[in-house]
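One file, my_file_26.cif, carrying mmCIF, C-alpha atoms:
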```
data_run
loop_
_atom_site.label_atom_id
_atom_site.label_comp_id
_atom_site.auth_asym_id
_atom_site.auth_seq_id
_atom_site.Cartn_x
_atom_site.Cartn_y
_atom_site.Cartn_z
CA MET Z 122 27.28 2.78 -31.91
CA GLY Z 123 26.06 4.59 -28.79
CA HIS Z 124 22.57 6.01 -28.54
CA LEU Z 125 22.70 9.80 -28.18
CA ASP Z 126 20.18 11.61 -26.01
CA HIS Z 127 20.15 15.39 -26.40
CA ALA Z 128 17.58 15.97 -23.66
CA ALA Z 129 18.43 13.46 -20.95
CA LEU Z 130 16.95 15.81 -18.34
CA GLY Z 131 13.73 16.36 -20.30
CA TRP Z 132 12.68 19.82 -21.47
CA LEU Z 133 14.63 21.55 -18.70
CA THR Z 134 17.92 21.97 -20.56
CA PRO Z 135 16.49 23.00 -23.99
CA VAL Z 136 14.17 25.58 -22.40
CA LEU Z 137 16.79 26.94 -19.99
CA SER Z 138 19.46 27.10 -22.69
CA TYR Z 139 17.04 29.00 -24.97
CA ALA Z 140 16.33 31.44 -22.13
CA MET Z 141 20.08 32.03 -21.69
CA ALA Z 142 20.52 32.70 -25.41
CA CYS Z 143 17.60 35.16 -25.42
CA THR Z 144 18.86 36.96 -22.31
CA GLY Z 145 22.34 37.38 -23.78
CA ALA Z 146 20.93 38.62 -27.09
CA ALA Z 147 18.54 41.08 -25.44
CA LEU Z 148 21.25 42.52 -23.20
CA GLY Z 149 23.70 42.71 -26.08
CA LEU Z 150 21.21 44.55 -28.30
CA ARG Z 151 20.30 47.04 -25.56
CA CYS Z 152 23.99 47.73 -24.89
CA THR Z 153 24.63 48.19 -28.62
CA VAL Z 154 21.79 50.72 -28.79
CA ARG Z 155 23.38 52.59 -25.87
CA ALA Z 156 26.80 52.40 -27.55
CA LEU Z 157 25.61 53.90 -30.84
CA ALA Z 158 24.14 56.84 -28.93
CA ALA Z 159 27.42 57.43 -27.04
CA THR Z 160 30.93 58.55 -27.97
CA GLY Z 161 34.50 57.95 -26.84
CA ARG Z 162 35.16 55.82 -23.79
CA SER Z 163 31.45 55.43 -23.04
CA ARG Z 164 30.84 53.87 -26.48
CA ARG Z 165 33.75 51.49 -26.00
CA ASN Z 166 32.49 50.40 -22.58
CA TRP Z 167 28.96 49.75 -23.89
CA LEU Z 168 30.36 47.77 -26.84
CA VAL Z 169 32.50 45.64 -24.51
CA THR Z 170 29.45 44.98 -22.34
CA ALA Z 171 27.39 44.08 -25.43
CA ALA Z 172 30.06 41.67 -26.67
CA SER Z 173 30.51 40.02 -23.28
CA ALA Z 174 26.73 39.62 -22.92
CA ILE Z 175 26.21 38.05 -26.34
CA GLY Z 176 29.31 35.84 -26.03
CA THR Z 177 28.38 34.74 -22.52
CA GLY Z 178 24.79 34.06 -23.57
CA ILE Z 179 25.87 31.89 -26.51
CA TRP Z 180 28.43 29.93 -24.47
CA THR Z 181 26.02 29.43 -21.56
CA MET Z 182 23.31 28.29 -23.98
CA HIS Z 183 25.70 25.70 -25.43
CA PHE Z 184 26.83 24.19 -22.16
CA VAL Z 185 23.44 24.31 -20.44
CA ALA Z 186 22.17 22.31 -23.42
CA MET Z 187 25.16 19.96 -23.03
CA LEU Z 188 24.03 19.18 -19.47
CA GLY Z 189 21.25 17.17 -21.15
CA PHE Z 190 23.61 15.34 -23.53
CA SER Z 191 24.30 11.67 -22.80
CA VAL Z 192 25.62 8.65 -24.71
CA SER Z 193 24.58 5.12 -23.81
CA GLY Z 194 27.46 2.86 -22.81
CA THR Z 195 29.88 5.57 -21.69
CA ASP Z 196 30.34 8.34 -19.16
CA ILE Z 197 31.12 11.89 -20.34
CA ARG Z 198 33.80 14.21 -19.01
CA TYR Z 199 35.00 17.66 -20.10
CA ASP Z 200 38.55 18.87 -20.64
CA VAL Z 201 38.71 22.01 -18.46
CA PRO Z 202 41.30 24.07 -20.44
CA LEU Z 203 39.51 23.46 -23.76
CA THR Z 204 36.15 24.34 -22.21
CA VAL Z 205 37.54 27.63 -20.88
CA ALA Z 206 39.19 28.26 -24.27
CA SER Z 207 35.80 27.89 -25.97
CA LEU Z 208 34.41 30.62 -23.67
CA LEU Z 209 37.32 32.94 -24.53
CA VAL Z 210 36.80 32.31 -28.25
CA ALA Z 211 33.12 33.24 -27.92
CA MET Z 212 34.01 36.47 -26.11
CA ILE Z 213 36.81 37.52 -28.47
CA VAL Z 214 35.07 36.90 -31.79
CA VAL Z 215 31.81 38.51 -30.71
CA CYS Z 216 33.80 41.49 -29.43
CA ALA Z 217 35.55 41.77 -32.80
CA GLY Z 218 32.23 41.67 -34.67
CA VAL Z 219 30.53 44.20 -32.39
CA PHE Z 220 33.46 46.64 -32.55
CA ALA Z 221 33.65 46.30 -36.35
CA VAL Z 222 30.03 47.39 -36.62
CA GLY Z 223 30.16 49.94 -33.82
CA HIS Z 224 33.19 51.87 -35.13
CA SER Z 225 33.08 51.42 -38.90
CA ARG Z 226 31.92 54.22 -41.19
CA ASP Z 227 30.86 51.74 -43.88
CA ARG Z 228 28.14 49.94 -41.92
CA GLY Z 229 27.16 47.61 -44.78
CA ARG Z 230 30.64 46.17 -45.29
CA ALA Z 231 31.25 46.05 -41.55
CA LEU Z 232 27.98 44.18 -41.07
CA LEU Z 233 28.92 41.49 -43.58
CA LEU Z 234 32.49 41.15 -42.30
CA GLY Z 235 31.40 41.27 -38.66
CA GLY Z 236 28.61 38.74 -39.25
CA LEU Z 237 30.95 36.33 -41.03
CA THR Z 238 33.66 36.67 -38.37
CA THR Z 239 31.25 36.34 -35.48
CA GLY Z 240 29.35 33.44 -37.04
CA LEU Z 241 32.53 31.48 -37.72
CA GLY Z 242 33.66 32.29 -34.18
CA VAL Z 243 30.39 30.99 -32.70
CA ALA Z 244 30.74 27.79 -34.72
CA SER Z 245 34.36 27.50 -33.58
CA MET Z 246 33.24 27.92 -29.98
CA HIS Z 247 30.73 25.10 -30.39
CA TYR Z 248 33.11 22.63 -31.99
CA LEU Z 249 35.92 23.56 -29.61
CA GLY Z 250 33.49 22.83 -26.79
CA MET Z 251 32.70 19.49 -28.43
CA ALA Z 252 36.43 18.77 -28.72
CA ALA Z 253 36.55 19.12 -24.93
CA VAL Z 254 34.18 16.14 -24.56
CA ARG Z 255 35.88 13.00 -23.26
CA LEU Z 256 34.17 9.60 -23.58
CA HIS Z 257 34.91 5.94 -24.27
CA GLY Z 258 34.67 5.91 -28.03
CA GLU Z 259 35.16 7.93 -31.19
CA VAL Z 260 33.14 10.99 -32.20
CA SER Z 261 32.44 11.62 -35.89
CA TYR Z 262 30.42 14.28 -37.73
CA ASP Z 263 28.11 14.47 -40.74
CA PRO Z 264 29.83 17.09 -42.97
CA MET Z 265 26.56 18.40 -44.46
CA ARG Z 266 25.00 19.03 -41.05
CA VAL Z 267 28.20 20.65 -39.84
CA ALA Z 268 28.15 22.99 -42.85
CA LEU Z 269 24.47 23.77 -42.19
CA SER Z 270 25.22 24.59 -38.54
CA VAL Z 271 28.01 26.98 -39.59
CA LEU Z 272 25.69 28.67 -42.10
CA ILE Z 273 23.03 29.11 -39.40
CA ALA Z 274 25.67 30.60 -37.08
CA VAL Z 275 26.78 33.15 -39.72
CA VAL Z 276 23.20 34.15 -40.60
CA ALA Z 277 22.27 34.42 -36.90
CA ALA Z 278 25.34 36.53 -36.12
CA THR Z 279 24.72 38.85 -39.07
CA ALA Z 280 21.07 39.25 -38.07
CA ALA Z 281 22.10 40.04 -34.48
CA LEU Z 282 24.53 42.75 -35.61
CA TRP Z 283 21.95 44.18 -38.02
CA ALA Z 284 19.41 44.29 -35.20
CA GLY Z 285 21.92 46.11 -33.01
CA LEU Z 286 22.28 48.79 -35.69
CA ASN Z 287 18.63 49.20 -36.66
CA ILE Z 288 16.41 48.25 -33.71
CA LYS Z 289 15.85 50.81 -31.00
CA SER Z 290 12.57 50.26 -29.14
CA PRO Z 291 12.47 47.86 -26.14
CA LEU Z 292 9.61 45.87 -27.70
CA ALA Z 293 11.53 45.39 -30.95
CA VAL Z 294 14.63 44.36 -28.99
CA THR Z 295 12.55 41.78 -27.11
CA VAL Z 296 11.17 40.29 -30.34
CA ALA Z 297 14.62 40.31 -31.94
CA SER Z 298 16.18 38.58 -28.92
CA LEU Z 299 13.54 35.82 -29.03
CA ILE Z 300 14.33 35.24 -32.69
CA MET Z 301 18.07 35.32 -32.04
CA GLY Z 302 17.69 32.84 -29.18
CA ALA Z 303 15.83 30.49 -31.52
CA ALA Z 304 18.54 30.88 -34.18
CA VAL Z 305 21.39 30.14 -31.76
CA SER Z 306 19.54 27.15 -30.32
CA SER Z 307 18.86 25.87 -33.85
CA MET Z 308 22.56 26.14 -34.64
CA HIS Z 309 23.46 24.15 -31.53
CA TYR Z 310 21.02 21.30 -32.08
CA THR Z 311 21.76 21.13 -35.81
CA ALA Z 312 25.43 20.69 -34.90
CA MET Z 313 24.56 18.09 -32.23
CA PHE Z 314 22.48 16.05 -34.70
CA ALA Z 315 25.61 15.90 -36.87
CA VAL Z 316 27.32 13.85 -34.15
CA THR Z 317 27.75 10.09 -34.20
CA VAL Z 318 29.53 8.24 -31.40
CA HIS Z 319 31.06 4.77 -31.82
CA VAL Z 320 31.38 3.55 -28.24
CA THR Z 321 34.33 1.43 -27.16
CA PRO Z 322 33.41 -0.12 -23.78
CA SER Z 323 36.11 0.42 -21.17
CA SER Z 324 36.51 0.47 -17.42
CA ASP Z 325 39.25 3.10 -17.55
CA VAL Z 326 38.61 6.34 -15.69
CA LEU Z 327 38.03 9.21 -18.11
CA PRO Z 328 40.14 12.36 -17.70
CA GLY Z 329 38.50 15.73 -17.07
CA ALA Z 330 35.59 16.96 -14.99
CA THR Z 331 31.95 15.94 -15.02
CA ALA Z 332 29.33 18.42 -16.19
CA MET Z 333 28.10 18.96 -12.64
CA GLN Z 334 31.62 19.43 -11.27
CA PHE Z 335 32.69 22.11 -13.72
CA VAL Z 336 30.24 23.10 -16.46
CA PHE Z 337 27.19 23.54 -14.22
CA PRO Z 338 28.86 25.91 -11.68
CA LEU Z 339 30.44 27.96 -14.48
CA ALA Z 340 27.15 28.17 -16.40
CA VAL Z 341 25.33 29.26 -13.23
CA GLY Z 342 27.98 31.91 -12.57
CA LEU Z 343 27.77 33.29 -16.11
CA GLY Z 344 23.98 33.15 -16.03
CA SER Z 345 24.02 35.20 -12.84
CA TYR Z 346 26.33 37.70 -14.55
CA LEU Z 347 23.82 38.06 -17.38
CA PHE Z 348 20.90 38.72 -15.06
CA LEU Z 349 22.81 41.18 -12.85
CA THR Z 350 24.14 43.07 -15.87
CA SER Z 351 20.63 43.12 -17.35
CA ALA Z 352 19.33 44.69 -14.16
CA PHE Z 353 22.10 47.32 -14.27
CA VAL Z 354 21.35 48.20 -17.90
CA ALA Z 355 17.61 48.34 -17.24
CA LEU Z 356 18.06 50.67 -14.28
CA SER Z 357 20.74 52.95 -15.76
CA PRO Z 358 19.33 56.03 -17.53
CA THR Z 359 19.75 56.47 -21.27
CA ALA Z 360 21.39 59.56 -22.79
CA GLY Z 361 17.94 60.93 -23.61
CA GLU Z 362 16.72 60.40 -20.06
CA ARG Z 363 19.80 62.16 -18.65
CA GLU Z 364 19.23 65.12 -20.97
CA ALA Z 365 15.56 65.30 -19.97
CA SER Z 366 16.51 65.16 -16.29
CA ALA Z 367 19.09 67.92 -16.74
CA SER Z 368 16.56 70.08 -18.61
CA ALA Z 369 14.00 69.57 -15.86
CA GLN Z 370 16.48 70.60 -13.18
CA GLN Z 371 17.51 73.85 -14.87
CA PRO Z 372 14.17 75.70 -14.30
CA VAL Z 373 14.19 74.54 -10.68
CA GLU Z 374 17.70 75.88 -10.12
CA SER Z 375 16.81 79.17 -11.85
CA ALA Z 376 13.74 79.61 -9.67
CA ALA Z 377 15.78 78.93 -6.55
CA ARG Z 378 18.11 81.75 -7.42
#
```

Can the structure from this file be put into structure tokens for me?
Amino acid sequence: MGHLDHAALGWLTPVLSYAMACTGAALGLRCTVRALAATGRSRRNWLVTAASAIGTGIWTMHFVAMLGFSVSGTDIRYDVPLTVASLLVAMIVVCAGVFAVGHSRDRGRALLLGGLTTGLGVASMHYLGMAAVRLHGEVSYDPMRVALSVLIAVVAATAALWAGLNIKSPLAVTVASLIMGAAVSSMHYTAMFAVTVHVTPSSDVLPGATAMQFVFPLAVGLGSYLFLTSAFVALSPTAGEREASASAQQPVESAAR
């Protein structure tokens, strides 16, 4: 049985992955607030941005944390198509949950359905990402810890959607995003502690890409997307600010006439 190390690079990967999860949650909540105050195409665009931010944050959190994952006695590679598929799953299911809440008239039912769908999707993303791991040996899981990780994912997703509906102030969004980041990180490490690897020593070359060849550049790219989109959202005026600006300009225009 191989010894598993979930923080082979020290505290760097857990802290950085938590920061990614918080950033994605904060951006997603702010975009959801903007969406609920908008209508038509503008609402749709804000909801898409919210979903992409939350999905990207969760996926980036997972694979940044995986950069610190190692197993004694074997190298680790990643199947590229499955890894990309896990990212698409994260995006699609979060988008479905966010749109269910953003467009439904029955917010309570939509919240439960959206939370369940999104939570199961997040768990699917994680285990699909784990299925992309290639190593010399066999990976097995503790069913109880797997079930606990799925439950945490569903509760975290439901809480995130509830926060998007009910939290408006920037301070409250910040606190909620810190809690959501902790919940997503807890889900990831609960799922990782469910893993057992029985190593079969071999000199064969493993298929796939190393974490630094593929996962690291993709995670950096998605992390950059999160920060740039956060800057855009922070600098773009809200509907209230646009109305206030328009009201302030009207007296000036009247006086000029």

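If you apply the PyMOL selection byres ((chain Z and resi 241) around 10) to this structure, you end up with Z:Ala211, Z:Val214, Z:Val215, Z:Gly235, Z:Gly236, Z:Leu237, Z:Thr238, Z:Thr239, Z:Gly240, Z:Gly242, Z:Val243, Z:Ala244, Z:Ser245, Z:Met246, Z:His247, Z:Val271, Z:Leu272, Z:Ile273, Z:Ala274, Z:Val275, Z:Ala278.
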
Among listed residues Z:Gly229, Z:Gly329, Z:Pro338, Z:Gly223, nearest Val154 of chain Z (using only C-alpha atoms):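 Of Z:Gly229, Z:Gly329, Z:Pro338, Z:Gly223, the one nearest Val154 of chain Z, counting only C-alpha atoms, is Z:Gly223.
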
Shell around Ile300 of chain Z at 12 Å using all atoms listed in the file, local window under 3 positions removed, as an NGL selection string: :Z and (139-140 or 142-144 or 146-147 or 276-278 or 280-281 or 284 or 293-297 or 303-307)

Find the nearest atom pair between each residue of segment 127-205 of chain Z and segment 342-356 of chain Z for residues within 7 Å, count only C-alpha atoms, give distances in Å to one decimal, sort rows by chain and ascending number, and present the table as JSON lines.
```
{"residue": "Z:Met141", "atom": "CA", "partner": "Z:Gly344", "partner_atom": "CA", "distance": 7.0}
{"residue": "Z:Gly145", "atom": "CA", "partner": "Z:Leu347", "partner_atom": "CA", "distance": 6.6}
{"residue": "Z:Leu148", "atom": "CA", "partner": "Z:Ser351", "partner_atom": "CA", "distance": 5.9}
{"residue": "Z:Ala174", "atom": "CA", "partner": "Z:Leu347", "partner_atom": "CA", "distance": 6.4}
{"residue": "Z:Thr177", "atom": "CA", "partner": "Z:Leu343", "partner_atom": "CA", "distance": 6.6}
{"residue": "Z:Thr181", "atom": "CA", "partner": "Z:Leu343", "partner_atom": "CA", "distance": 6.9}
```

Applying 12 Å and all atoms listed in the file, which residues near His224 of chain Z remain after dropping the ones on its own chain fewer than 4 positions away? List them as a ChimeraX atom specification. /Z:153,156-157,159-161,164-165,168,216-220,228,230-232,235,286

Using C-alpha atoms, can you export the residues from the last selection as a PDB file, in the coordinates of the input?
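After the write, out-v5.pdb holds the following:
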```
ATOM      1  CA  THR Z 153      24.630  48.190 -28.620  1.00  0.00           C
ATOM      2  CA  ALA Z 156      26.800  52.400 -27.550  1.00  0.00           C
ATOM      3  CA  LEU Z 157      25.610  53.900 -30.840  1.00  0.00           C
ATOM      4  CA  ALA Z 159      27.420  57.430 -27.040  1.00  0.00           C
ATOM      5  CA  THR Z 160      30.930  58.550 -27.970  1.00  0.00           C
ATOM      6  CA  GLY Z 161      34.500  57.950 -26.840  1.00  0.00           C
ATOM      7  CA  ARG Z 164      30.840  53.870 -26.480  1.00  0.00           C
ATOM      8  CA  ARG Z 165      33.750  51.490 -26.000  1.00  0.00           C
ATOM      9  CA  LEU Z 168      30.360  47.770 -26.840  1.00  0.00           C
ATOM     10  CA  CYS Z 216      33.800  41.490 -29.430  1.00  0.00           C
ATOM     11  CA  ALA Z 217      35.550  41.770 -32.800  1.00  0.00           C
ATOM     12  CA  GLY Z 218      32.230  41.670 -34.670  1.00  0.00           C
ATOM     13  CA  VAL Z 219      30.530  44.200 -32.390  1.00  0.00           C
ATOM     14  CA  PHE Z 220      33.460  46.640 -32.550  1.00  0.00           C
ATOM     15  CA  ARG Z 228      28.140  49.940 -41.920  1.00  0.00           C
ATOM     16  CA  ARG Z 230      30.640  46.170 -45.290  1.00  0.00           C
ATOM     17  CA  ALA Z 231      31.250  46.050 -41.550  1.00  0.00           C
ATOM     18  CA  LEU Z 232      27.980  44.180 -41.070  1.00  0.00           C
ATOM     19  CA  GLY Z 235      31.400  41.270 -38.660  1.00  0.00           C
ATOM     20  CA  LEU Z 286      22.280  48.790 -35.690  1.00  0.00           C
TER      21      LEU Z 286
END
```

Identify all residues satisfying the PyMOL selection byres ((chain Z and resi 198) around 7) in the given file; provide them as a ChimeraX atom specification. /Z:196-197,199-200,254-256,327-332

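Distance-wise, atom CA of Leu208 of chain Z and atom CA of Val267 of chain Z end up 20.0 Å apart.
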
Which residues are near Ser270 of chain Z? Cut-off 7 Å, all atoms listed in the file, ignore same chain within fewer than 5 positions. Put them as a JSON list (two decimals) with C-alpha atoms, in the coordinates of the input.
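What landed in around_29.json:
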```
[["chain", "number", "residue", "atom", "x", "y", "z"],
["Z", 308, "MET", "CA", 22.56, 26.14, -34.64],
["Z", 311, "THR", "CA", 21.76, 21.13, -35.81],
["Z", 312, "ALA", "CA", 25.43, 20.69, -34.90]]
```

Starting from the point (35.2, 22.6, -24.1), work out which residues of protein, DNA or RNA have an atom no more than 8 Å away when counting only C-alpha atoms; state them as number ranges by chain. Z: 199-207, 249-254
